[in-house]
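Source file: work-v8.txt (compact mmCIF, C-alpha atoms and all ligand atoms)
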```
# COMPACT_ATOMS: atom_id res chain seq x y z
CA MET A 10 5.08 9.01 -6.76
CA SER A 11 6.27 8.44 -3.22
CA ASN A 12 9.68 9.38 -1.84
CA VAL A 13 11.45 6.29 -3.10
CA LEU A 14 14.82 6.38 -4.81
CA ARG A 15 14.94 4.65 -8.16
CA LEU A 16 18.24 2.92 -8.68
CA ALA A 17 20.33 1.45 -11.48
CA ILE A 18 23.42 -0.61 -10.81
CA VAL A 19 26.34 -1.76 -12.92
CA ASP A 20 28.66 -4.54 -11.84
CA PRO A 21 30.39 -6.96 -14.24
CA ASN A 22 30.76 -9.49 -11.42
CA ASP A 23 27.59 -11.63 -11.20
CA ALA A 24 28.15 -12.72 -7.59
CA SER A 25 28.73 -9.24 -6.14
CA ARG A 26 25.89 -7.80 -8.26
CA SER A 27 23.49 -10.41 -6.87
CA SER A 28 24.60 -9.70 -3.34
CA LEU A 29 24.20 -5.93 -3.87
CA LYS A 30 20.73 -6.56 -5.32
CA ALA A 31 19.75 -8.71 -2.34
CA THR A 32 20.80 -5.93 0.05
CA LEU A 33 18.89 -3.34 -1.96
CA MET A 34 15.72 -5.47 -2.00
CA GLY A 35 15.63 -5.30 1.78
CA LEU A 36 15.50 -1.48 1.83
CA ASP A 37 12.15 0.27 1.89
CA ILE A 38 13.39 3.52 0.40
CA VAL A 39 14.65 2.17 -2.91
CA TRP A 40 13.38 0.51 -6.01
CA LEU A 41 15.83 -1.22 -8.33
CA GLU A 42 14.90 0.11 -11.75
CA ALA A 43 17.68 -1.55 -13.76
CA GLU A 44 20.81 -3.64 -13.49
CA CYS A 45 23.64 -3.97 -15.98
CA SER A 46 26.70 -6.20 -16.26
CA ARG A 47 28.74 -4.11 -18.73
CA TYR A 48 30.20 -0.66 -18.12
CA ALA A 49 29.92 0.05 -21.86
CA PHE A 50 26.11 -0.37 -21.87
CA PHE A 51 25.34 1.46 -18.68
CA GLY A 52 24.99 4.88 -20.35
CA ASP A 53 22.17 3.52 -22.52
CA VAL A 54 20.52 1.91 -19.50
CA LEU A 55 20.54 5.28 -17.71
CA ALA A 56 19.15 7.05 -20.77
CA GLN A 57 16.27 4.57 -20.93
CA THR A 58 15.41 4.33 -17.25
CA ASN A 59 16.39 7.78 -15.94
CA PRO A 60 16.98 6.65 -12.31
CA ASP A 61 17.70 8.89 -9.31
CA VAL A 62 20.83 7.00 -8.33
CA ALA A 63 23.48 4.99 -10.18
CA ILE A 64 25.68 2.58 -8.28
CA VAL A 65 28.91 1.72 -10.09
CA ALA A 66 30.83 -1.27 -8.74
CA MET A 67 34.48 -0.68 -9.57
CA ASP A 68 36.16 -4.03 -8.96
CA GLY A 69 35.57 -5.20 -12.57
CA ASP A 70 37.93 -2.55 -13.97
CA ALA A 71 38.68 0.50 -11.82
CA ASN A 72 39.86 2.69 -14.73
CA GLN A 73 36.82 1.96 -16.89
CA ALA A 74 34.55 2.48 -13.88
CA ILE A 75 36.06 5.90 -13.14
CA GLU A 76 35.73 6.91 -16.76
CA LEU A 77 32.08 5.84 -16.60
CA VAL A 78 31.48 7.90 -13.44
CA GLU A 79 32.96 10.91 -15.23
CA ASN A 80 30.68 10.35 -18.23
CA ILE A 81 27.57 9.99 -16.08
CA SER A 82 28.41 13.20 -14.23
CA HIS A 83 28.59 15.06 -17.55
CA THR A 84 25.71 13.49 -19.45
CA HIS A 85 23.27 12.66 -16.63
CA ALA A 86 23.79 15.51 -14.21
CA ASN A 87 20.55 14.68 -12.34
CA VAL A 88 21.72 11.15 -11.50
CA THR A 89 23.53 10.80 -8.17
CA VAL A 90 26.49 8.44 -8.55
CA LEU A 91 27.63 6.10 -5.80
CA VAL A 92 30.68 3.87 -6.27
CA ALA A 93 31.45 0.58 -4.57
CA SER A 94 34.74 -1.27 -4.29
CA SER A 95 36.42 -3.87 -2.10
CA SER A 96 39.55 -1.72 -2.21
CA THR A 97 40.07 1.01 0.36
CA ASP A 98 42.97 2.57 -1.53
CA GLY A 99 42.94 6.30 -0.77
CA ASN A 100 43.99 7.15 -4.30
CA LEU A 101 41.08 5.23 -5.80
CA ILE A 102 38.64 6.95 -3.43
CA LEU A 103 40.04 10.35 -4.37
CA ARG A 104 39.88 9.63 -8.13
CA SER A 105 36.30 8.42 -7.95
CA MET A 106 35.22 11.46 -5.93
CA ARG A 107 36.94 13.80 -8.40
CA ALA A 108 35.16 11.97 -11.23
CA GLY A 109 31.84 12.91 -9.62
CA ALA A 110 30.90 10.11 -7.19
CA LYS A 111 28.94 11.34 -4.15
CA GLU A 112 29.60 8.33 -1.90
CA PHE A 113 32.22 5.58 -1.74
CA LEU A 114 30.85 2.25 -0.46
CA THR A 115 33.14 -0.55 0.68
CA LEU A 116 32.34 -4.07 -0.54
CA PRO A 117 31.02 -6.39 0.79
CA ILE A 118 28.45 -3.81 1.56
CA LYS A 119 26.86 -3.58 5.01
CA PRO A 120 23.09 -2.98 4.71
CA GLU A 121 23.21 -0.23 7.34
CA ASP A 122 26.01 1.61 5.47
CA LEU A 123 24.07 1.39 2.23
CA ALA A 124 20.87 2.55 3.95
CA THR A 125 22.66 5.53 5.55
CA ALA A 126 24.28 6.54 2.26
CA LEU A 127 20.96 6.29 0.42
CA GLN A 128 19.17 8.22 3.14
CA ARG A 129 21.68 11.05 2.64
CA VAL A 130 20.91 11.01 -1.08
CA ALA A 131 17.14 10.91 -0.37
CA LYS A 132 17.48 13.93 1.93
CA LEU A 133 19.27 15.88 -0.76
CA ARG A 134 16.61 14.96 -3.32
CA PHE A 135 13.39 15.07 -1.34
CA GLY A 136 14.27 17.39 1.54
CA ASN A 137 14.41 16.70 5.25
CA GLN A 138 11.20 14.78 5.52
CA ALA A 139 12.67 11.97 3.41
CA GLY A 140 13.52 8.94 5.46
CA SER A 141 11.50 10.13 8.44
CA GLN A 142 8.27 10.07 6.42
CA LYS A 143 7.34 6.64 5.19
CA GLY A 144 7.04 6.41 1.45
CA CYS A 145 3.82 4.45 1.31
CA ARG A 146 1.04 3.87 3.82
CA VAL A 147 -0.29 0.32 3.65
CA LEU A 148 -3.86 -0.21 4.87
CA ALA A 149 -5.17 -3.76 5.13
CA VAL A 150 -8.96 -4.06 5.25
CA SER A 151 -10.28 -7.31 6.76
CA GLY A 152 -13.71 -8.44 7.82
CA SER A 153 -14.82 -10.36 10.86
CA THR A 154 -17.27 -12.39 8.77
CA GLY A 155 -18.50 -12.63 5.19
CA GLY A 156 -20.50 -9.73 3.77
CA VAL A 157 -19.59 -7.35 6.58
CA GLY A 158 -18.68 -4.55 4.16
CA SER A 159 -14.89 -4.81 3.80
CA THR A 160 -14.77 -4.47 0.02
CA SER A 161 -17.27 -1.59 0.12
CA LEU A 162 -14.98 0.19 2.56
CA ALA A 163 -11.69 -0.72 0.83
CA VAL A 164 -12.93 0.59 -2.54
CA ASN A 165 -14.55 3.76 -1.22
CA LEU A 166 -11.70 4.56 1.12
CA GLY A 167 -9.37 4.18 -1.86
CA CYS A 168 -11.48 6.60 -3.92
CA ALA A 169 -11.64 9.06 -1.00
CA LEU A 170 -7.84 8.99 -0.63
CA ALA A 171 -7.34 9.26 -4.40
CA ALA A 172 -9.49 12.42 -4.43
CA ASP A 173 -6.52 14.24 -2.87
CA GLU A 174 -4.22 14.97 -5.78
CA LYS A 175 -1.17 14.62 -3.52
CA ASN A 176 -1.98 10.92 -3.17
CA SER A 177 -1.46 8.07 -5.59
CA VAL A 178 -3.53 5.13 -4.44
CA VAL A 179 -3.71 1.48 -5.43
CA LEU A 180 -6.14 -1.20 -4.27
CA LEU A 181 -4.97 -4.81 -4.21
CA ASP A 182 -7.76 -7.40 -4.20
CA LEU A 183 -6.39 -10.27 -2.16
CA ASP A 184 -9.64 -12.19 -2.03
CA LEU A 185 -8.10 -14.49 -4.62
CA ALA A 186 -11.14 -16.71 -5.20
CA LEU A 187 -14.19 -14.47 -4.92
CA GLY A 188 -12.87 -10.90 -4.79
CA ASP A 189 -15.20 -8.36 -6.41
CA ALA A 190 -13.40 -5.03 -6.18
CA ASP A 191 -13.50 -4.87 -10.01
CA VAL A 192 -17.31 -5.04 -9.88
CA PHE A 193 -17.45 -2.14 -7.41
CA LEU A 194 -15.38 -0.12 -9.88
CA ASP A 195 -17.19 -1.41 -12.97
CA THR A 196 -13.97 -2.36 -14.73
CA ILE A 197 -12.86 -5.32 -16.80
CA PRO A 198 -9.16 -5.45 -16.02
CA GLU A 199 -6.69 -6.62 -18.62
CA TYR A 200 -4.15 -7.92 -16.13
CA THR A 201 -4.50 -9.44 -12.68
CA LEU A 202 -2.41 -10.14 -9.62
CA THR A 203 -1.19 -13.38 -11.21
CA ASP A 204 0.25 -11.57 -14.24
CA VAL A 205 1.99 -8.99 -12.11
CA ALA A 206 3.27 -11.58 -9.60
CA GLN A 207 4.72 -13.71 -12.38
CA ASN A 208 6.50 -10.80 -14.02
CA VAL A 209 7.43 -8.80 -10.96
CA THR A 210 11.19 -9.08 -11.50
CA ARG A 211 10.83 -7.68 -15.01
CA LEU A 212 8.45 -4.85 -14.21
CA ASP A 213 9.43 -1.24 -13.73
CA PHE A 214 7.24 1.68 -12.63
CA THR A 215 5.92 2.40 -16.09
CA LEU A 216 5.09 -1.22 -16.92
CA LEU A 217 3.51 -1.74 -13.52
CA LYS A 218 1.16 1.21 -13.96
CA ARG A 219 0.25 -0.07 -17.39
CA SER A 220 -0.64 -3.45 -15.88
CA LEU A 221 -3.04 -1.88 -13.41
CA THR A 222 -6.53 -0.64 -14.14
CA LYS A 223 -7.05 3.05 -13.46
CA HIS A 224 -10.52 4.13 -12.39
CA SER A 225 -11.82 7.60 -13.21
CA SER A 226 -11.61 8.44 -9.49
CA GLY A 227 -7.83 8.11 -9.77
CA LEU A 228 -7.75 4.82 -7.89
CA TYR A 229 -5.59 2.06 -9.41
CA LEU A 230 -6.72 -1.54 -9.07
CA LEU A 231 -4.76 -4.78 -9.08
CA PRO A 232 -7.56 -7.36 -9.21
CA ARG A 233 -7.69 -11.02 -8.18
CA PRO A 234 -6.90 -13.70 -10.79
CA VAL A 235 -9.62 -14.52 -13.33
CA GLN A 236 -9.40 -18.30 -13.09
CA LEU A 237 -9.77 -20.01 -9.75
CA GLU A 238 -6.74 -22.21 -10.48
CA ASP A 239 -4.53 -19.15 -11.09
CA ALA A 240 -4.92 -18.15 -7.46
CA GLN A 241 -2.62 -20.99 -6.48
CA MET A 242 0.13 -19.55 -8.66
CA VAL A 243 0.49 -16.54 -6.36
CA THR A 244 3.07 -17.44 -3.71
CA ALA A 245 3.82 -15.53 -0.52
CA GLU A 246 7.23 -14.66 -1.95
CA ASP A 247 5.71 -13.27 -5.18
CA LEU A 248 3.20 -11.30 -3.20
CA GLN A 249 5.89 -9.79 -1.00
CA ARG A 250 7.66 -8.54 -4.12
CA VAL A 251 4.44 -7.22 -5.65
CA ILE A 252 3.70 -5.34 -2.43
CA GLY A 253 7.29 -4.01 -2.45
CA LEU A 254 6.84 -2.74 -6.00
CA LEU A 255 3.45 -1.18 -5.24
CA LYS A 256 4.88 0.47 -2.11
CA ALA A 257 7.68 1.94 -4.15
CA THR A 258 5.22 3.34 -6.67
CA PHE A 259 2.24 4.65 -4.67
CA THR A 260 1.66 6.79 -1.59
CA HIS A 261 -1.17 4.49 -0.41
CA LEU A 262 -1.71 0.78 -0.83
CA ILE A 263 -5.06 -0.65 0.28
CA ILE A 264 -5.31 -4.42 0.56
CA ASP A 265 -8.75 -6.06 0.63
CA THR A 266 -7.90 -9.38 2.30
CA SER A 267 -9.92 -12.58 2.08
CA LYS A 268 -11.89 -13.93 5.02
CA SER A 269 -9.82 -17.13 5.15
CA PHE A 270 -6.91 -15.45 6.96
CA SER A 271 -4.56 -17.61 4.88
CA ALA A 272 -0.76 -17.33 4.97
CA ILE A 273 -0.80 -14.62 2.33
CA ASP A 274 -3.59 -12.68 4.07
CA LEU A 275 -1.57 -12.77 7.27
CA MET A 276 1.55 -11.69 5.42
CA ALA A 277 -0.40 -8.71 4.09
CA LEU A 278 -1.51 -7.88 7.64
CA ASP A 279 2.12 -8.09 8.82
CA LEU A 280 3.26 -5.74 6.06
CA ALA A 281 0.44 -3.23 6.67
CA ASP A 282 0.78 -0.04 8.71
CA ASP A 283 -2.88 -0.19 9.75
CA VAL A 284 -5.20 -3.17 9.86
CA LEU A 285 -8.83 -2.08 9.62
CA MET A 286 -11.05 -4.81 11.06
CA ILE A 287 -14.60 -4.37 9.82
CA THR A 288 -17.33 -5.67 12.06
CA GLN A 289 -21.02 -5.22 12.68
CA LEU A 290 -22.75 -4.99 16.02
CA ASP A 291 -23.94 -8.56 16.29
CA LEU A 292 -22.73 -11.44 18.37
CA PRO A 293 -21.16 -13.68 15.68
CA CYS A 294 -19.14 -10.75 14.29
CA LEU A 295 -17.93 -9.54 17.67
CA ARG A 296 -17.08 -13.06 18.78
CA ASN A 297 -14.92 -13.45 15.66
CA VAL A 298 -13.15 -10.18 16.37
CA VAL A 299 -12.26 -11.48 19.84
CA ARG A 300 -10.98 -14.75 18.34
CA LEU A 301 -8.97 -12.91 15.69
CA MET A 302 -7.47 -10.57 18.28
CA MET A 303 -6.34 -13.56 20.31
CA SER A 304 -4.59 -15.03 17.25
CA PHE A 305 -3.10 -11.67 16.32
CA ASP A 306 -1.47 -11.55 19.75
CA HIS A 307 0.90 -14.27 18.50
CA ARG A 308 2.14 -12.10 15.63
CA PRO A 309 4.47 -9.32 16.76
CA GLY A 310 3.12 -5.82 16.22
CA LEU A 311 -0.19 -6.88 14.68
CA ARG A 312 -2.47 -6.14 17.60
CA GLU A 313 -1.06 -2.62 18.01
CA LYS A 314 -2.03 -1.61 14.49
CA LEU A 315 -5.52 -3.07 14.63
CA LYS A 316 -8.29 -0.50 14.23
CA ILE A 317 -11.85 -1.66 14.70
CA ILE A 318 -14.40 -0.16 12.34
CA VAL A 319 -18.06 -0.81 13.00
CA ASN A 320 -20.08 -0.84 9.81
CA ARG A 321 -23.83 -0.44 9.32
CA VAL A 322 -24.37 1.36 12.61
CA GLY A 323 -28.05 2.05 13.19
CA GLN A 324 -29.39 -0.82 11.15
CA GLY A 325 -31.71 -1.63 14.01
CA GLY A 326 -32.80 -5.10 14.97
CA ALA A 327 -31.05 -6.65 17.94
CA SER A 328 -27.85 -4.62 17.57
CA ILE A 329 -25.44 -4.62 20.47
CA SER A 330 -24.58 -1.14 21.77
CA ILE A 331 -21.24 0.44 20.96
CA LYS A 332 -20.39 0.57 24.66
CA LYS A 333 -21.15 -3.11 25.13
CA ALA A 334 -19.09 -3.91 22.01
CA GLN A 335 -16.13 -1.94 23.35
CA ASP A 336 -16.40 -3.66 26.73
CA THR A 337 -16.54 -7.07 25.06
CA LEU A 338 -13.58 -6.38 22.79
CA GLY A 339 -11.55 -4.52 25.40
CA GLN A 340 -10.63 -2.04 22.69
CA GLU A 341 -11.91 1.30 21.48
CA ILE A 342 -13.98 1.37 18.34
CA TYR A 343 -11.90 3.49 15.96
CA TRP A 344 -14.67 4.45 13.56
CA GLN A 345 -18.38 3.95 12.90
CA ILE A 346 -19.97 3.90 9.48
CA PRO A 347 -23.71 4.39 9.28
CA ASN A 348 -26.10 1.94 7.72
CA ASP A 349 -27.34 3.07 4.32
CA PHE A 350 -28.55 0.05 2.46
CA ARG A 351 -30.16 1.95 -0.41
CA THR A 352 -27.06 3.98 -1.28
CA MET A 353 -24.72 1.03 -0.86
CA ILE A 354 -26.75 -1.26 -3.07
CA GLU A 355 -26.79 1.44 -5.79
CA VAL A 356 -23.06 1.88 -5.41
CA ARG A 357 -22.56 -1.83 -5.87
CA ASN A 358 -25.02 -2.37 -8.69
CA ASN A 359 -23.93 0.68 -10.67
CA GLY A 360 -20.23 0.07 -10.07
CA VAL A 361 -19.84 3.72 -9.07
CA PRO A 362 -18.04 4.85 -5.89
CA LEU A 363 -19.82 6.70 -3.09
CA LEU A 364 -18.15 10.01 -3.91
CA GLU A 365 -19.72 9.92 -7.35
CA GLN A 366 -23.01 8.18 -6.59
CA ALA A 367 -23.93 10.03 -3.40
CA PRO A 368 -21.37 12.78 -2.66
CA LYS A 369 -23.58 14.39 -0.01
CA ALA A 370 -24.72 11.23 1.78
CA ALA A 371 -23.77 10.81 5.44
CA ILE A 372 -22.09 7.50 4.67
CA THR A 373 -19.85 9.20 2.07
CA HIS A 374 -18.97 11.87 4.57
CA SER A 375 -18.10 9.23 7.14
CA VAL A 376 -15.78 7.34 4.75
CA CYS A 377 -14.06 10.59 3.69
CA GLN A 378 -13.57 11.56 7.33
CA LEU A 379 -12.12 8.14 8.02
CA ALA A 380 -9.62 8.71 5.17
CA ASP A 381 -8.69 12.04 6.80
CA ALA A 382 -8.35 10.46 10.25
CA LEU A 383 -6.10 7.73 8.88
CA ALA A 384 -4.00 10.38 7.16
CA GLY A 385 -3.69 12.17 10.51
CA LYS A 386 -5.68 15.17 9.22
CA THR A 387 -8.34 14.77 11.91
CA ASP A 388 -8.23 13.12 15.29
CA PRO A 389 -10.91 10.41 15.46
CA ASN A 390 -11.43 11.17 19.14
CA SER A 391 -12.02 14.85 18.55
CA THR A 392 -15.12 14.04 16.51
CA SER A 393 -16.41 11.47 18.96
CA THR A 394 -19.18 11.68 21.47
CA GLU A 395 -18.77 10.61 25.06
CA ALA A 396 -20.62 7.43 24.18
CA GLY A 397 -17.43 6.55 22.37
CA GLY A 398 -16.30 6.68 18.79
CA LYS A 399 -19.43 8.12 17.22
CA SER A 400 -18.46 10.71 14.68
CA ARG A 401 -20.43 13.91 15.31
CA SER A 402 -20.12 15.14 11.76
CA TRP A 403 -22.09 12.33 10.27
CA LEU A 404 -24.17 11.77 13.39
CA GLY A 405 -25.72 15.19 12.96
CA LEU A 406 -26.75 14.38 9.42
CA TRP A 407 -27.51 10.78 9.84
CA SER A 408 -29.43 10.70 13.08
CA GLY A 409 -31.86 13.26 11.71
CA LYS A 410 -32.01 12.12 8.09
CA LYS A 411 -31.09 8.51 8.42
CA ALA A 412 -31.50 6.40 5.30
CA ASP A 413 -35.11 5.38 5.16
CA PRO A 414 -35.50 2.79 7.95
CA SER A 415 -37.63 0.68 5.69
CA SER A 416 -34.78 0.46 3.21
CA ALA A 417 -32.35 -0.31 6.03
CA ALA A 418 -34.52 -3.18 7.08
CA THR A 419 -34.89 -4.65 3.61
CA ARG A 420 -31.57 -6.41 3.63
N1 LIG B 501 -22.72 0.83 5.57
C1 LIG B 501 -23.50 0.00 4.86
N2 LIG B 501 -24.85 0.15 4.87
C2 LIG B 501 -25.65 -0.68 4.17
N3 LIG B 501 -25.20 -1.69 3.42
C3 LIG B 501 -23.87 -1.90 3.37
C4 LIG B 501 -22.95 -1.06 4.08
N4 LIG B 501 -21.70 -1.50 3.82
C5 LIG B 501 -21.83 -2.56 2.98
N5 LIG B 501 -23.13 -2.80 2.71
C6 LIG B 501 -23.67 -3.86 1.85
O1 LIG B 501 -23.27 -5.10 2.38
C7 LIG B 501 -23.07 -6.03 1.34
C8 LIG B 501 -21.71 -6.69 1.50
O2 LIG B 501 -20.72 -5.70 1.29
P1 LIG B 501 -19.25 -6.09 0.82
O3 LIG B 501 -19.26 -6.90 -0.41
O4 LIG B 501 -18.48 -4.82 0.81
O5 LIG B 501 -18.78 -6.99 2.04
P2 LIG B 501 -17.50 -7.92 2.17
O6 LIG B 501 -17.16 -7.99 3.60
O7 LIG B 501 -16.45 -7.45 1.24
O8 LIG B 501 -18.09 -9.32 1.65
P3 LIG B 501 -17.28 -10.64 1.27
O9 LIG B 501 -17.20 -11.44 2.50
O10 LIG B 501 -18.12 -11.27 0.19
O11 LIG B 501 -15.93 -10.22 0.77
C9 LIG B 501 -23.22 -5.28 0.03
O12 LIG B 501 -24.49 -5.53 -0.49
C10 LIG B 501 -23.10 -3.83 0.44
O13 LIG B 501 -23.86 -3.00 -0.42
MG MG B 502 -15.33 -8.55 -0.18
```
Please go through the file and, once you have read it, give me the structure as structure tokens.
Amino acid sequence: MSNVLRLAIVDPNDASRSSLKATLMGLDIVWLEAECSRYAFFGDVLAQTNPDVAIVAMDGDANQAIELVENISHTHANVTVLVASSSTDGNLILRSMRAGAKEFLTLPIKPEDLATALQRVAKLRFGNQAGSQKGCRVLAVSGSTGGVGSTSLAVNLGCALAADEKNSVVLLDLDLALGDADVFLDTIPEYTLTDVAQNVTRLDFTLLKRSLTKHSSGLYLLPRPVQLEDAQMVTAEDLQRVIGLLKATFTHLIIDTSKSFSAIDLMALDLADDVLMITQLDLPCLRNVVRLMMSFDHRPGLREKLKIIVNRVGQGGASISIKKAQDTLGQEIYWQIPNDFRTMIEVRNNGVPLLEQAPKAAITHSVCQLADALAGKTDPNSTSTEAGGKSRSWLGLWSGKKADPSSAATR
């Protein structure tokens, strides 16, 4: 679980509760676990949901609210209580603090005041790195043309990240029509993105995890809808909420986008911390990367987080050199993944990830090193040759014992 505060709120006033909810939805560091409109039922809500923080709005009935704060402090000592009121009466503030409230928030609440108060709570709970360290790293994986290897990378990167027990990793298949991440993981999921999107307001952490398919590698999958028509039921707004919920639950979210660069694909790219653009060293692919980069320039911040990954390096034929590709793109190649047709076809046909199918293969090593580089564990440049971006660690293995060239050619 990432460093996200799970919250429950009680406010008998529907209007102020909705406004508090809306403010909370905008904050990255929280997830609203439960809401309640009656002081009398809030104890049960806390017992069922066990949140980190309880926010008690006091305007409904100040005396009842203070009594409730006192009760929570006694019966749920691990829950941090924040109170909120439109009154700034010193006596009320004092009484609520004596009852056990840690913060007094003035209504209508300013988002920055709420964020600061919650950051203080997060620091107390998770230590100093809370707030400075982002809860969840979102990696969008896109391809510069069909069949370039984006799903292969998204799935295997997910498995490589999930191999570190400190990580909790989920893969979202956003190729709503033809996505095949479930095939790569040999799973028949019970629920899909459509189910989760339609129920997102009712889901909590536990229900969400139950709706996802967990692979033996530790990677969770939220697959594309089963029926083609169901894809249309996923709106950008739904998707934003699903991504918010996944971010609040996992340390890493990997999004395998479609090649249509639709509104929801672009929204995913906007929400991502890193956009991995998979390409191969041929003219149509590189030309598309240039075109995409030009479009990305119109979306603030997108170009800066773009990392170009060249897949199937060494597949021979009329490949363009890495140097020429970099010159054409005007951007460094962030990572190179070797061509290994035989291993990759086995991985796909057997529905088994690289780490399991071919743990010692150079391609597996390359994907694992990419996971480390993205996590900041290794500097991609420190393992590069002067020729630019070629990872030594796999180069040593791969250039000598490259996958059988005949298999590489039998595409
Ligand atoms: N490094 C590689 N070496 C050899 N073959 C590869 C490599 N990466 C992927 N492939 C093969 O390329 C094919 C396409 O891969 P994949 O489905 O991951 O691409 P994609 O970009 O997701 O395709 P789509 O456009 O259908 O979503 C698969 O057969 C896969 O095994
Ligand atoms: Mg794909």
Using only C-alpha atoms and all ligand atoms, find each residue with an atom at most 10 Å away from ligand MG 502 (chain B) and format the answer as a PDB file with C-alpha atoms, keeping the file's coordinate frame.
```
ATOM      1  CA  VAL A 150      -8.960  -4.060   5.250  1.00  0.00           C
ATOM      2  CA  SER A 151     -10.280  -7.310   6.760  1.00  0.00           C
ATOM      3  CA  GLY A 152     -13.710  -8.440   7.820  1.00  0.00           C
ATOM      4  CA  THR A 154     -17.270 -12.390   8.770  1.00  0.00           C
ATOM      5  CA  GLY A 155     -18.500 -12.630   5.190  1.00  0.00           C
ATOM      6  CA  GLY A 156     -20.500  -9.730   3.770  1.00  0.00           C
ATOM      7  CA  VAL A 157     -19.590  -7.350   6.580  1.00  0.00           C
ATOM      8  CA  GLY A 158     -18.680  -4.550   4.160  1.00  0.00           C
ATOM      9  CA  SER A 159     -14.890  -4.810   3.800  1.00  0.00           C
ATOM     10  CA  THR A 160     -14.770  -4.470   0.020  1.00  0.00           C
ATOM     11  CA  SER A 161     -17.270  -1.590   0.120  1.00  0.00           C
ATOM     12  CA  LEU A 162     -14.980   0.190   2.560  1.00  0.00           C
ATOM     13  CA  ALA A 163     -11.690  -0.720   0.830  1.00  0.00           C
ATOM     14  CA  VAL A 164     -12.930   0.590  -2.540  1.00  0.00           C
ATOM     15  CA  ASP A 182      -7.760  -7.400  -4.200  1.00  0.00           C
ATOM     16  CA  LEU A 183      -6.390 -10.270  -2.160  1.00  0.00           C
ATOM     17  CA  ASP A 184      -9.640 -12.190  -2.030  1.00  0.00           C
ATOM     18  CA  LEU A 187     -14.190 -14.470  -4.920  1.00  0.00           C
ATOM     19  CA  GLY A 188     -12.870 -10.900  -4.790  1.00  0.00           C
ATOM     20  CA  ASP A 189     -15.200  -8.360  -6.410  1.00  0.00           C
ATOM     21  CA  ALA A 190     -13.400  -5.030  -6.180  1.00  0.00           C
ATOM     22  CA  PHE A 193     -17.450  -2.140  -7.410  1.00  0.00           C
ATOM     23  CA  ASP A 265      -8.750  -6.060   0.630  1.00  0.00           C
ATOM     24  CA  THR A 266      -7.900  -9.380   2.300  1.00  0.00           C
ATOM     25  CA  SER A 267      -9.920 -12.580   2.080  1.00  0.00           C
ATOM     26  CA  LYS A 268     -11.890 -13.930   5.020  1.00  0.00           C
TER      27      LYS A 268
END
```
Quiz item: For ligand LIG 501 (chain B), which of A:Leu311, A:Gln289, A:Val299, A:Phe113 is the closest residue, counting all atoms listed in the file?
Solution: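 Closest candidate: A:Gln289.
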Using 5 Å of padding on each side, determine the axis-aligned box around all atoms of ligand LIG 501 (chain B) present in the file and give its centre and edge lengths in Å to one decimal, as AutoDock Vina command-line options.
```
--center_x -20.8 --center_y -5.3 --center_z 2.5 --size_x 19.7 --size_y 22.3 --size_z 16.1
```
Considering all atoms listed in the file, tabulate each residue of range 186-294 of chain A that lies at most 10 Å from range 343-350 of chain A along with its nearest interatomic pair and the corresponding distance in Å to one decimal; arrange the rows by chain and ascending residue number and present them as a Markdown table.
```
| residue | atom | partner | partner_atom | distance |
| --- | --- | --- | --- | --- |
| A:Leu285 | CA | A:Tyr343 | CA | 9.0 |
| A:Met286 | CA | A:Tyr343 | CA | 9.7 |
| A:Ile287 | CA | A:Trp344 | CA | 9.6 |
| A:Thr288 | CA | A:Gln345 | CA | 9.7 |
| A:Gln289 | CA | A:Gln345 | CA | 9.5 |
```
Output for the residues just chosen: C-alpha atoms as a CSV table (one decimal), keeping the file's coordinate frame:
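out-v9.csv was written with the following content:
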```csv
chain,number,residue,atom,x,y,z
A,285,LEU,CA,-8.8,-2.1,9.6
A,286,MET,CA,-11.0,-4.8,11.1
A,287,ILE,CA,-14.6,-4.4,9.8
A,288,THR,CA,-17.3,-5.7,12.1
A,289,GLN,CA,-21.0,-5.2,12.7
```
Practice problem: Tell me, as a ChimeraX atom specification, which residues lie within 12 Å of Gly167 in chain A, counting all atoms listed in the file; anything in the same chain fewer than 5 positions away does not count. | Solution: /A:146-150,159-162,172-173,176-182,190,193-194,223-224,226-230,259-265,362-364,376-377,379-381,383
Exercise. Can you work out which one of A:Leu185, A:Ala49, A:Leu278, A:Val298 has the shortest atom-to-atom distance to Glu238 in chain A, counting all atoms listed in the file?
Key: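 Closest to Glu238 in chain A of all the choices is A:Leu185.
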Practice problem: Would you mind reading off the distance between CA of Trp40 in chain A and CA of Leu123 in chain A, one decimal, in Å? | Solution: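 One can read the CA of Trp40 in chain A to CA of Leu123 in chain A distance as 13.5 Å.
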Can you pull out every residue within 6 Å of range 68-84 of chain A, counting all atoms listed in the file, but drop anything in the same chain fewer than 5 positions away, and send it as a compact mmCIF listing (two decimals) with C-alpha atoms, in the coordinates of the input?
```txt
# COMPACT_ATOMS: atom_id res chain seq x y z
CA PRO A 21 30.39 -6.96 -14.24
CA SER A 94 34.74 -1.27 -4.29
CA SER A 105 36.30 8.42 -7.95
CA ALA A 108 35.16 11.97 -11.23
CA GLY A 109 31.84 12.91 -9.62
```
Self-check item: Selected residue, from A:Val356, A:Ala382, A:Gly144, A:Arg300, that lies nearest to Ala370 in chain A when counting only C-alpha atoms
Solution: A:Val356
Quiz item: How far is it from CA of Leu255 in chain A to CA of Ser220 in chain A, in Å with one decimal?
Solution: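 For CA of Leu255 in chain A relative to CA of Ser220 in chain A, the distance reads 11.6 Å.
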Quiz item: Residues at most 10 Å from range 24-34 of chain A, counting only C-alpha atoms, excluding those fewer than 5 positions away in the same chain, as number ranges by chain?
Solution: A: 16, 18-19, 39-41, 44-46, 64, 66, 68, 93, 116-121, 123-124, 250, 253
